[in-house]
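Here's the structure, in structure tokens; my notes come after.
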Amino acid sequence: MALWSILKVRVRASLRNFQRPLTTIASRVDERVRVRLGEVVGSGNVSSSLAVREQHGRDESFHACKPPDVVVWPENTAQVRQLARICYDHSVPMVPYGTGTGIEGGVVAEEGGVCFDLSRMTDIVDLHEEDLDVTVQPGVTRVALNTHLRHTGLWFPVDPGADASLCGMAATSASGTHTTRYGSMRENVANLEVVLADGRLLHTAGEGRHTRKTSAGYNLTNLFVGSEGTLGIITSATLRLFPQPEAVASAVCPMPSVTAAGECTLQLLRSGVPLARIELLDDVMMDACNRYKGLDYAVQPTLFLEFHGTPASVQEQIRTAEEVLSGYGAGQLRWALAASERARLWEARHQAYYAARALRPGSVGYVTDVCVPISKLPEVITTTKEDLIQSRLTGPIAGHVGDGNFHCILAFSEHGEQERQRITEFCHRLVTRALAVGGTCTGEHGVGVGKRGYLLDEVGETGLEVMRQLKRALDPKGLMNPGKVV
Ligand SMILES: Cc1cc2c(cc1C)N(C[C@H](O)[C@H](O)[C@H](O)COP(=O)(O)OP(=O)(O)OC[C@H]1O[C@@H](n3cnc4c(N)ncnc43)[C@H](O)[C@@H]1O)c1[nH]c(=O)[nH]c(=O)c1N2
Ligand SMILES: CC(C)C(=O)C(=O)O
Ligand SMILES: [Mn+2]
């Protein structure tokens with residue numbers, strides 16, 4: 001059987017395995033429900049216009065748009081609770097929406113229903129500077145929070161390329177270029193306020209609690225981190241903050257090959273240098289970024305590095321890093337020390353997705369997201385690069401290599417069926433390769449609709465069944481973002 005057919009059979013089988021919860025979902029939001037929703041939020045905060053629904057039925061990925069029946073913009077938690085209760089009573093699906101920058105089709109309304117656009121809940125509720133934490137509503141984005149914090153000497157380091165909502169980032173368990181040093185959303189969320197499917201309000205670590213650690217019972221916070229809107233609607237998140245580093249130095253370092261870059265990364269991590277950032281862009285991605293941003297970096301596999309600390313400790317980190325880099329054939333480091341230069345450098349890295357797509361104007365992007373144990377990174381990234389060449393695919397690579405996580409960004413035309421098939425087969429081989437060495441199909445983008453077929457292989461039958469039991473316990477009618485994750 002051709003790989004394509006095997007894939008289709010596997011995905012179908014995995015979907016069949018999903019046991020529908022107790023009640024059948026209502027396929028449409030009828031007029032009665034629409035009126036009740038409008039009574040809660042007011043007529044300016046509800047829309048059934050096709051343009052608005054289409055805008056909310058897709059994210060930044062290639063996954064096909066499926067619009068919700070209605071979009072609502074609640075302005076506070078009490079409204080979210082009332083809206084959820086109406087949906088629950090009428091068995092209508094609910095899809096939470098942050099900023100729509102997701103990459104795995106998480107906001108696609110698979111079964112229609114009501115999209116909860118949370119962008120009008122923009123309060124930074126509680127800033128505890130002395131405790132290094134803050135509580136934000138779901139419309140607050142990472143850039144908005146850091147702008148607010150600028151004069152406090154604190155910052156929040158998790159930085160996906162997009163200016164995503166912080167609660168959306170919690171919902172997808174997002175990470176970014178600082179994760180090697182500061183952790184991902186998993187490590188940096190201390191508490192969540194969640195509206196459950198039936199309108200009940202849950203504080204995952206207890207109301208008003210914001211400790212650095214807790215042993216009090218099951219870790220409900222981390223159950224909701226990465227739940228992708230399938231267990232409830234996050235209406236606030238309490239996040240850990242960090243002191244802004246006194247000294248910062250960034251550098252761009254050309255490497256002879258992706259293999260050398262991967263091996264060098266491992267050695268840098270083992271050397272104990274507390275790298276704040278270490279990212280790899282391969283030659284194709286460097287070329288794409290140069291073109292997209294008008295830059296003139298060498299078209300070679302390149303490590304982007306950053307060091308944080310006191311001026312003296314940064315100097316020491318740089319000395320050790322330079323010794324390690326020279327052992328792997330690194331070229332001349334190009335330093336960015338001024339804040340504006342550093343911002344330009346990291347902006348280019350954060351825009352890699354759009355730079356890759358710009359190689360083929362009018363294309364859509366298929367992004368892979370495997371993450372492997374760091375010792376396996378050089379081998380997996382090398383084999384993947386060879387596979388891309390053999391498959392005649394252009395798939396620039398951008399990797400959060402300090403975490404063993406990398407992306408191939410495959411820009412393709414929505415009309416090229418054969419190319420799409422080659423891409424699907426390539427992605428399948430890549431995930432299989434990652435799983436075989438103890439890795440995961442998704443390091444940070446989530447399962448959404450794109451990775452559902454791999455969850456069984458990754459977590460096993462018991463793992464998947466326990467996830468489904470949890471889902472049924474919290475969402476017995478199967479109304480929360482149906483068709484995603486499990
Ligand atoms: C250019 C670029 C670059 C990157 C990325 C995107 C783009 C366009 N991303 C992906 C994306 O930014 C990331 O997944 C965000 O966490 C998504 O946040 P949104 O607010 O946009 O969620 P969005 O609205 O897209 O929703 C995503 C999922 O979360 C759910 N959700 C959203 N808000 C919720 C809430 N309040 N309560 C419950 N569920 C909610 C949705 O239902 C959906 O399932 C990424 N990611 C990453 O981890 N690392 C990276 O490096 C990058 N880089
Ligand atoms: C490819 C995008 C989505 C990303 O995650 C990144 O640039 O790290
Ligand atoms: Mn990424």
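The way I read the labels, and the way they are meant: chains A, B, ... in the order of the structure tokens, residue 1 as the first residue of every chain, and ligand 1 as the first ligand shown, with later ones counted on from there.
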
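DSSP annotation of range 77-126 of chain A from backbone atoms: helix (DSSP H, G or I) residues are Thr77, Ala78, Gln79, Val80, Arg81, Gln82, Leu83, Ala84, Arg85, Ile86, Cys87, Tyr88 and Asp89 of chain A.
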
Using only C-alpha atoms and all ligand atoms, determine which residues fall within 8 Å of ligand 2, then list them as a PyMOL selection string. chain A and resi 102-103+160-161+176-177+349-353+367-369+398-400+406-409+444-445

Counting only C-alpha atoms, which residues in range 342-395 of chain A sit no more than 8 Å from range 42-64 of chain A? For each one, give the nearest pair of atoms and the distance in Å, sorted by chain then residue number, as a Markdown table.
| residue | atom | partner | partner_atom | distance |
| --- | --- | --- | --- | --- |
| A:Val364 | CA | A:Phe62 | CA | 5.5 |
| A:Gly365 | CA | A:Phe62 | CA | 5.8 |
| A:Tyr366 | CA | A:Phe62 | CA | 6.3 |
| A:Val367 | CA | A:Ser61 | CA | 7.9 |

How would the residues just chosen look if you wrote them out with C-alpha atoms as an mmCIF file, in the first residue's frame?
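Full text of part-v5.cif as output:
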data_model
loop_
_atom_site.group_PDB
_atom_site.id
_atom_site.type_symbol
_atom_site.label_atom_id
_atom_site.label_comp_id
_atom_site.auth_asym_id
_atom_site.auth_seq_id
_atom_site.Cartn_x
_atom_site.Cartn_y
_atom_site.Cartn_z
ATOM 1 C CA VAL A 364 0.489 28.464 2.402
ATOM 2 C CA GLY A 365 2.770 27.011 5.071
ATOM 3 C CA TYR A 366 3.014 23.468 6.435
ATOM 4 C CA VAL A 367 5.104 23.632 9.613
#

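A straight line drawn from atom 41 (C, counted along the ligand's line) of ligand 1 to CA of Ser236 in chain A is 14.2 Å long.
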
Residue set, range 24-118 of chain A restricted to strand (DSSP E or B), as a PyMOL selection string: chain A and resi 46-47+70-72+94-97+114-117

Output file for the selection above: N, CA and C atoms, as a PDB file, in the first residue's frame:
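Okay, this is what ended up in result.pdb:
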ATOM      1  N   VAL A  46     -21.679  40.586  19.316  1.00  0.00           N
ATOM      2  CA  VAL A  46     -22.054  39.294  18.741  1.00  0.00           C
ATOM      3  C   VAL A  46     -22.200  39.495  17.234  1.00  0.00           C
ATOM      4  N   SER A  47     -21.731  38.515  16.459  1.00  0.00           N
ATOM      5  CA  SER A  47     -21.833  38.673  15.005  1.00  0.00           C
ATOM      6  C   SER A  47     -22.048  37.322  14.324  1.00  0.00           C
ATOM      7  N   VAL A  70     -21.520  31.584  15.052  1.00  0.00           N
ATOM      8  CA  VAL A  70     -21.636  32.908  15.678  1.00  0.00           C
ATOM      9  C   VAL A  70     -20.300  33.232  16.350  1.00  0.00           C
ATOM     10  N   VAL A  71     -19.939  34.517  16.354  1.00  0.00           N
ATOM     11  CA  VAL A  71     -18.773  34.957  17.140  1.00  0.00           C
ATOM     12  C   VAL A  71     -19.277  35.889  18.241  1.00  0.00           C
ATOM     13  N   VAL A  72     -18.810  35.647  19.479  1.00  0.00           N
ATOM     14  CA  VAL A  72     -19.163  36.554  20.583  1.00  0.00           C
ATOM     15  C   VAL A  72     -17.885  37.126  21.193  1.00  0.00           C
ATOM     16  N   MET A  94     -18.369  25.086  21.651  1.00  0.00           N
ATOM     17  CA  MET A  94     -17.716  26.364  22.001  1.00  0.00           C
ATOM     18  C   MET A  94     -16.258  26.290  21.567  1.00  0.00           C
ATOM     19  N   VAL A  95     -15.789  27.330  20.879  1.00  0.00           N
ATOM     20  CA  VAL A  95     -14.386  27.365  20.449  1.00  0.00           C
ATOM     21  C   VAL A  95     -13.741  28.647  20.992  1.00  0.00           C
ATOM     22  N   PRO A  96     -12.821  28.526  21.963  1.00  0.00           N
ATOM     23  CA  PRO A  96     -12.122  29.726  22.441  1.00  0.00           C
ATOM     24  C   PRO A  96     -11.170  30.248  21.364  1.00  0.00           C
ATOM     25  N   TYR A  97     -11.056  31.585  21.289  1.00  0.00           N
ATOM     26  CA  TYR A  97     -10.207  32.226  20.273  1.00  0.00           C
ATOM     27  C   TYR A  97      -9.371  33.303  20.946  1.00  0.00           C
ATOM     28  N   VAL A 114     -20.238  28.268  18.682  1.00  0.00           N
ATOM     29  CA  VAL A 114     -19.981  29.649  19.084  1.00  0.00           C
ATOM     30  C   VAL A 114     -18.487  29.851  19.319  1.00  0.00           C
ATOM     31  N   CYS A 115     -17.922  30.833  18.618  1.00  0.00           N
ATOM     32  CA  CYS A 115     -16.522  31.199  18.843  1.00  0.00           C
ATOM     33  C   CYS A 115     -16.482  32.277  19.911  1.00  0.00           C
ATOM     34  N   PHE A 116     -15.722  32.029  20.978  1.00  0.00           N
ATOM     35  CA  PHE A 116     -15.534  33.013  22.048  1.00  0.00           C
ATOM     36  C   PHE A 116     -14.262  33.796  21.734  1.00  0.00           C
ATOM     37  N   ASP A 117     -14.390  34.973  21.135  1.00  0.00           N
ATOM     38  CA  ASP A 117     -13.217  35.815  20.878  1.00  0.00           C
ATOM     39  C   ASP A 117     -12.952  36.608  22.160  1.00  0.00           C
TER      40      ASP A 117
END

Find the distance between CA of Leu345 in chain A and CA of Met185 in chain A and write it in Å to one decimal. 23.7 Å

When you look at Thr135 in chain A with a cut-off of 8 Å (counting only C-alpha atoms), what residues show up, excluding the ones that are within fewer than 3 positions of it in the same chain? I need them as a compact mmCIF listing (two decimals) with C-alpha atoms, in the first residue's frame.
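Below is the file that was written, part28.txt:
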# COMPACT_ATOMS: atom_id res chain seq x y z
CA ILE A 124 -3.66 43.24 33.60
CA VAL A 125 -5.46 42.36 36.78
CA ASP A 126 -2.79 41.95 39.44
CA LEU A 127 0.88 42.81 39.24
CA SER A 236 -7.12 34.61 33.37
CA ALA A 237 -3.57 33.35 33.83
CA THR A 238 -1.11 34.01 36.65
CA LEU A 239 2.40 34.07 35.23

List the neighbours of range 151-159 of chain A out to 8 Å using only C-alpha atoms; skip same-chain residues closer than 3 positions along the sequence, and give me the result as a ChimeraX atom specification. /A:129,132,142,145-146,148,162,174-179,182-185,239-244

Can those selected residues be exported to a file as an mmCIF file, in the first residue's frame so that it contains N, CA, C and O atoms?
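New file part18.cif:
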data_model
loop_
_atom_site.group_PDB
_atom_site.id
_atom_site.type_symbol
_atom_site.label_atom_id
_atom_site.label_comp_id
_atom_site.auth_asym_id
_atom_site.auth_seq_id
_atom_site.Cartn_x
_atom_site.Cartn_y
_atom_site.Cartn_z
ATOM 1 N N GLU A 129 4.860 42.898 41.969
ATOM 2 C CA GLU A 129 6.296 43.062 41.631
ATOM 3 C C GLU A 129 7.174 42.334 42.640
ATOM 4 O O GLU A 129 8.164 41.694 42.272
ATOM 5 N N LEU A 132 7.207 38.668 41.991
ATOM 6 C CA LEU A 132 7.580 38.324 40.603
ATOM 7 C C LEU A 132 6.470 37.536 39.916
ATOM 8 O O LEU A 132 6.708 36.460 39.356
ATOM 9 N N ARG A 142 1.592 38.950 24.651
ATOM 10 C CA ARG A 142 2.917 38.957 25.306
ATOM 11 C C ARG A 142 3.608 40.307 25.135
ATOM 12 O O ARG A 142 4.262 40.788 26.062
ATOM 13 N N LEU A 145 1.981 42.832 27.514
ATOM 14 C CA LEU A 145 2.426 42.637 28.899
ATOM 15 C C LEU A 145 3.836 43.205 29.083
ATOM 16 O O LEU A 145 4.105 43.941 30.040
ATOM 17 N N ASN A 146 4.739 42.882 28.159
ATOM 18 C CA ASN A 146 6.119 43.356 28.340
ATOM 19 C C ASN A 146 6.223 44.876 28.200
ATOM 20 O O ASN A 146 7.059 45.504 28.855
ATOM 21 N N HIS A 148 3.873 46.894 29.231
ATOM 22 C CA HIS A 148 3.370 47.335 30.540
ATOM 23 C C HIS A 148 4.450 47.202 31.618
ATOM 24 O O HIS A 148 4.538 48.017 32.531
ATOM 25 N N ALA A 162 4.893 35.075 17.041
ATOM 26 C CA ALA A 162 3.737 35.956 16.896
ATOM 27 C C ALA A 162 3.437 36.662 18.219
ATOM 28 O O ALA A 162 3.824 36.182 19.283
ATOM 29 N N ALA A 174 2.788 26.975 24.735
ATOM 30 C CA ALA A 174 3.742 27.585 23.800
ATOM 31 C C ALA A 174 5.130 27.719 24.430
ATOM 32 O O ALA A 174 5.288 27.715 25.651
ATOM 33 N N SER A 175 6.111 27.839 23.562
ATOM 34 C CA SER A 175 7.457 28.187 24.019
ATOM 35 C C SER A 175 8.041 29.187 23.037
ATOM 36 O O SER A 175 7.322 29.730 22.190
ATOM 37 N N GLY A 176 9.329 29.427 23.118
ATOM 38 C CA GLY A 176 9.906 30.432 22.220
ATOM 39 C C GLY A 176 11.413 30.378 22.269
ATOM 40 O O GLY A 176 11.997 29.369 22.673
ATOM 41 N N THR A 177 12.043 31.489 21.905
ATOM 42 C CA THR A 177 13.501 31.469 21.772
ATOM 43 C C THR A 177 14.210 31.541 23.128
ATOM 44 O O THR A 177 15.411 31.275 23.194
ATOM 45 N N HIS A 178 13.487 31.926 24.202
ATOM 46 C CA HIS A 178 14.140 31.984 25.520
ATOM 47 C C HIS A 178 13.897 30.729 26.357
ATOM 48 O O HIS A 178 14.279 30.687 27.532
ATOM 49 N N THR A 179 13.244 29.734 25.783
ATOM 50 C CA THR A 179 12.794 28.601 26.607
ATOM 51 C C THR A 179 13.959 27.813 27.206
ATOM 52 O O THR A 179 13.871 27.314 28.327
ATOM 53 N N TYR A 182 14.619 30.000 30.295
ATOM 54 C CA TYR A 182 13.540 30.435 31.194
ATOM 55 C C TYR A 182 12.329 29.501 31.221
ATOM 56 O O TYR A 182 11.396 29.725 31.966
ATOM 57 N N GLY A 183 12.322 28.476 30.371
ATOM 58 C CA GLY A 183 11.197 27.535 30.371
ATOM 59 C C GLY A 183 10.103 27.936 29.398
ATOM 60 O O GLY A 183 10.143 28.994 28.756
ATOM 61 N N SER A 184 9.116 27.041 29.265
ATOM 62 C CA SER A 184 7.977 27.278 28.362
ATOM 63 C C SER A 184 6.774 27.690 29.216
ATOM 64 O O SER A 184 6.911 27.941 30.418
ATOM 65 N N MET A 185 5.586 27.722 28.624
ATOM 66 C CA MET A 185 4.400 28.069 29.412
ATOM 67 C C MET A 185 4.202 27.051 30.546
ATOM 68 O O MET A 185 3.736 27.395 31.618
ATOM 69 N N LEU A 239 1.140 34.425 35.892
ATOM 70 C CA LEU A 239 2.401 34.074 35.226
ATOM 71 C C LEU A 239 3.604 34.495 36.059
ATOM 72 O O LEU A 239 3.552 35.518 36.753
ATOM 73 N N ARG A 240 4.670 33.714 35.953
ATOM 74 C CA ARG A 240 5.921 34.068 36.638
ATOM 75 C C ARG A 240 6.655 35.140 35.848
ATOM 76 O O ARG A 240 6.685 35.090 34.613
ATOM 77 N N LEU A 241 7.275 36.059 36.554
ATOM 78 C CA LEU A 241 8.070 37.102 35.898
ATOM 79 C C LEU A 241 9.536 36.971 36.302
ATOM 80 O O LEU A 241 9.852 36.320 37.304
ATOM 81 N N PHE A 242 10.392 37.590 35.531
ATOM 82 C CA PHE A 242 11.837 37.528 35.784
ATOM 83 C C PHE A 242 12.406 38.952 35.810
ATOM 84 O O PHE A 242 11.888 39.839 35.122
ATOM 85 N N PRO A 243 13.508 39.144 36.536
ATOM 86 C CA PRO A 243 14.167 40.458 36.473
ATOM 87 C C PRO A 243 14.773 40.654 35.084
ATOM 88 O O PRO A 243 15.329 39.697 34.523
ATOM 89 N N GLN A 244 14.671 41.849 34.546
ATOM 90 C CA GLN A 244 15.325 42.102 33.253
ATOM 91 C C GLN A 244 16.832 41.971 33.452
ATOM 92 O O GLN A 244 17.370 42.492 34.426
#

Selection near range 289-294 of chain A, 10 Å with only C-alpha atoms, sequence-local residues under 4 positions removed, as a PyMOL selection string: chain A and resi 281+283-285+298-299+344-345+347-359

How would the residues just picked look written out with N, CA and C atoms as a short mmCIF file (atom, residue, chain, number, x, y, z; two decimals), in the first residue's frame?
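Written out: part.cif:
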data_model
loop_
_atom_site.label_atom_id
_atom_site.label_comp_id
_atom_site.auth_asym_id
_atom_site.auth_seq_id
_atom_site.Cartn_x
_atom_site.Cartn_y
_atom_site.Cartn_z
N LEU A 281 19.27 28.39 12.23
CA LEU A 281 18.61 28.57 10.93
C LEU A 281 19.51 27.94 9.89
N ASP A 283 20.89 26.99 5.89
CA ASP A 283 21.28 27.90 4.81
C ASP A 283 20.07 28.42 4.03
N VAL A 284 19.09 27.53 3.79
CA VAL A 284 17.91 27.94 3.01
C VAL A 284 17.11 29.00 3.78
N MET A 285 17.02 28.80 5.10
CA MET A 285 16.29 29.77 5.91
C MET A 285 17.04 31.10 6.00
N ALA A 298 25.70 35.64 5.94
CA ALA A 298 26.22 34.56 5.09
C ALA A 298 25.15 33.49 4.93
N VAL A 299 25.03 32.96 3.69
CA VAL A 299 24.01 31.93 3.45
C VAL A 299 24.61 30.57 3.84
N ARG A 344 16.56 43.94 15.86
CA ARG A 344 16.52 43.67 14.41
C ARG A 344 16.86 42.20 14.14
N LEU A 345 17.87 41.73 14.85
CA LEU A 345 18.32 40.34 14.68
C LEU A 345 17.21 39.36 15.05
N GLU A 347 14.01 39.96 15.45
CA GLU A 347 12.81 40.16 14.62
C GLU A 347 12.93 39.28 13.36
N ALA A 348 14.15 39.26 12.78
CA ALA A 348 14.36 38.42 11.59
C ALA A 348 14.09 36.96 11.95
N ARG A 349 14.57 36.51 13.10
CA ARG A 349 14.33 35.11 13.52
C ARG A 349 12.83 34.86 13.74
N HIS A 350 12.16 35.80 14.40
CA HIS A 350 10.73 35.59 14.71
C HIS A 350 9.86 35.57 13.45
N GLN A 351 10.35 36.19 12.39
CA GLN A 351 9.55 36.26 11.16
C GLN A 351 9.90 35.13 10.19
N ALA A 352 10.66 34.14 10.66
CA ALA A 352 11.13 33.06 9.77
C ALA A 352 9.97 32.41 9.00
N TYR A 353 8.83 32.25 9.66
CA TYR A 353 7.67 31.60 9.01
C TYR A 353 7.24 32.37 7.77
N TYR A 354 7.15 33.69 7.92
CA TYR A 354 6.72 34.50 6.78
C TYR A 354 7.82 34.61 5.73
N ALA A 355 9.09 34.61 6.20
CA ALA A 355 10.22 34.66 5.26
C ALA A 355 10.21 33.40 4.38
N ALA A 356 9.96 32.25 5.00
CA ALA A 356 9.94 30.98 4.25
C ALA A 356 8.79 30.99 3.23
N ARG A 357 7.63 31.47 3.67
CA ARG A 357 6.48 31.50 2.75
C ARG A 357 6.70 32.48 1.60
N ALA A 358 7.46 33.55 1.90
CA ALA A 358 7.70 34.56 0.85
C ALA A 358 8.59 34.01 -0.26
N LEU A 359 9.29 32.88 -0.01
CA LEU A 359 10.08 32.27 -1.09
C LEU A 359 9.15 31.86 -2.23
#

Residue neighbourhood Ile389 in chain A, 12 Å, only C-alpha atoms, exclusion window fewer than 5 positions, as a PyMOL selection string: chain A and resi 284+382-384+394-396+422+426

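Here CA of Val248 in chain A stands at a distance of 23.1 Å from CA of Met286 in chain A.
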
Give me the residues within 12 Å of His415 in chain A as an mmCIF file with all heavy atoms, in the first residue's frame, counting only C-alpha atoms and dropping any in the same chain fewer than 4 places off.
data_model
loop_
_atom_site.group_PDB
_atom_site.id
_atom_site.type_symbol
_atom_site.label_atom_id
_atom_site.label_comp_id
_atom_site.auth_asym_id
_atom_site.auth_seq_id
_atom_site.Cartn_x
_atom_site.Cartn_y
_atom_site.Cartn_z
ATOM 1 N N PHE A 62 -2.137 26.249 7.171
ATOM 2 C CA PHE A 62 -2.818 25.866 5.926
ATOM 3 C C PHE A 62 -4.153 25.177 6.197
ATOM 4 O O PHE A 62 -4.912 24.917 5.266
ATOM 5 C CB PHE A 62 -1.914 24.911 5.118
ATOM 6 C CG PHE A 62 -1.823 23.549 5.737
ATOM 7 C CD1 PHE A 62 -2.669 22.530 5.328
ATOM 8 C CD2 PHE A 62 -0.922 23.292 6.754
ATOM 9 C CE1 PHE A 62 -2.609 21.269 5.911
ATOM 10 C CE2 PHE A 62 -0.852 22.035 7.343
ATOM 11 C CZ PHE A 62 -1.704 21.028 6.923
ATOM 12 N N GLY A 362 2.164 33.711 -2.514
ATOM 13 C CA GLY A 362 0.832 33.118 -2.657
ATOM 14 C C GLY A 362 0.735 31.732 -2.042
ATOM 15 O O GLY A 362 -0.312 31.086 -2.123
ATOM 16 N N SER A 363 1.813 31.267 -1.394
ATOM 17 C CA SER A 363 1.792 29.899 -0.850
ATOM 18 C C SER A 363 1.178 29.876 0.549
ATOM 19 O O SER A 363 1.003 30.912 1.186
ATOM 20 C CB SER A 363 3.222 29.349 -0.766
ATOM 21 O OG SER A 363 3.961 30.126 0.157
ATOM 22 N N VAL A 364 0.868 28.661 1.007
ATOM 23 C CA VAL A 364 0.489 28.464 2.402
ATOM 24 C C VAL A 364 1.614 27.659 3.059
ATOM 25 O O VAL A 364 2.435 27.066 2.356
ATOM 26 C CB VAL A 364 -0.869 27.737 2.546
ATOM 27 C CG1 VAL A 364 -2.013 28.624 2.138
ATOM 28 C CG2 VAL A 364 -0.878 26.434 1.760
ATOM 29 N N GLU A 419 2.500 17.674 -4.921
ATOM 30 C CA GLU A 419 3.485 18.234 -3.994
ATOM 31 C C GLU A 419 2.980 18.097 -2.558
ATOM 32 O O GLU A 419 3.719 17.746 -1.644
ATOM 33 C CB GLU A 419 3.737 19.706 -4.319
ATOM 34 C CG GLU A 419 4.827 20.294 -3.479
ATOM 35 C CD GLU A 419 5.040 21.786 -3.719
ATOM 36 O OE1 GLU A 419 4.096 22.456 -4.220
ATOM 37 O OE2 GLU A 419 6.118 22.268 -3.418
ATOM 38 N N ARG A 420 1.702 18.346 -2.373
ATOM 39 C CA ARG A 420 1.086 18.229 -1.051
ATOM 40 C C ARG A 420 1.271 16.809 -0.515
ATOM 41 O O ARG A 420 1.558 16.582 0.656
ATOM 42 C CB ARG A 420 -0.392 18.587 -1.196
ATOM 43 C CG ARG A 420 -1.275 18.326 -0.019
ATOM 44 C CD ARG A 420 -1.164 19.455 1.018
ATOM 45 N NE ARG A 420 -2.107 19.232 2.092
ATOM 46 C CZ ARG A 420 -3.284 19.813 2.181
ATOM 47 N NH1 ARG A 420 -3.650 20.684 1.278
ATOM 48 N NH2 ARG A 420 -4.083 19.559 3.179
ATOM 49 N N GLN A 421 1.139 15.837 -1.416
ATOM 50 C CA GLN A 421 1.296 14.438 -1.019
ATOM 51 C C GLN A 421 2.744 14.154 -0.594
ATOM 52 O O GLN A 421 2.985 13.490 0.418
ATOM 53 C CB GLN A 421 0.914 13.532 -2.185
ATOM 54 C CG GLN A 421 0.864 12.075 -1.798
ATOM 55 C CD GLN A 421 0.181 11.262 -2.868
ATOM 56 O OE1 GLN A 421 -0.759 11.729 -3.513
ATOM 57 N NE2 GLN A 421 0.656 10.059 -3.080
#

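The shortest atom-to-atom distance to Val252 in chain A, with only C-alpha atoms taken into account, belongs to A:Trp346 out of A:Trp346, A:Tyr328, A:Tyr218, A:Trp73.
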
Restricting the calculation to only C-alpha atoms, which member of A:Ala249, A:Val380, A:Ile86, A:Val225 is positioned closest to Thr432 in chain A? A:Val380

So, counting only C-alpha atoms and all ligand atoms, which residue among A:Met480, A:Leu83, A:Val134, A:Leu223 is closest to ligand 1? A:Met480

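Shortest atom-to-atom contact with Gly483 in chain A among A:Pro373, A:Gly438, A:Gly105, A:Gly139: A:Gly105, counting only C-alpha atoms.
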
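Checking A:Leu37, A:Ala261, A:Ile318, A:Cys253 one by one against Val273 in chain A, counting only C-alpha atoms, you find the shortest gap at A:Ile318.
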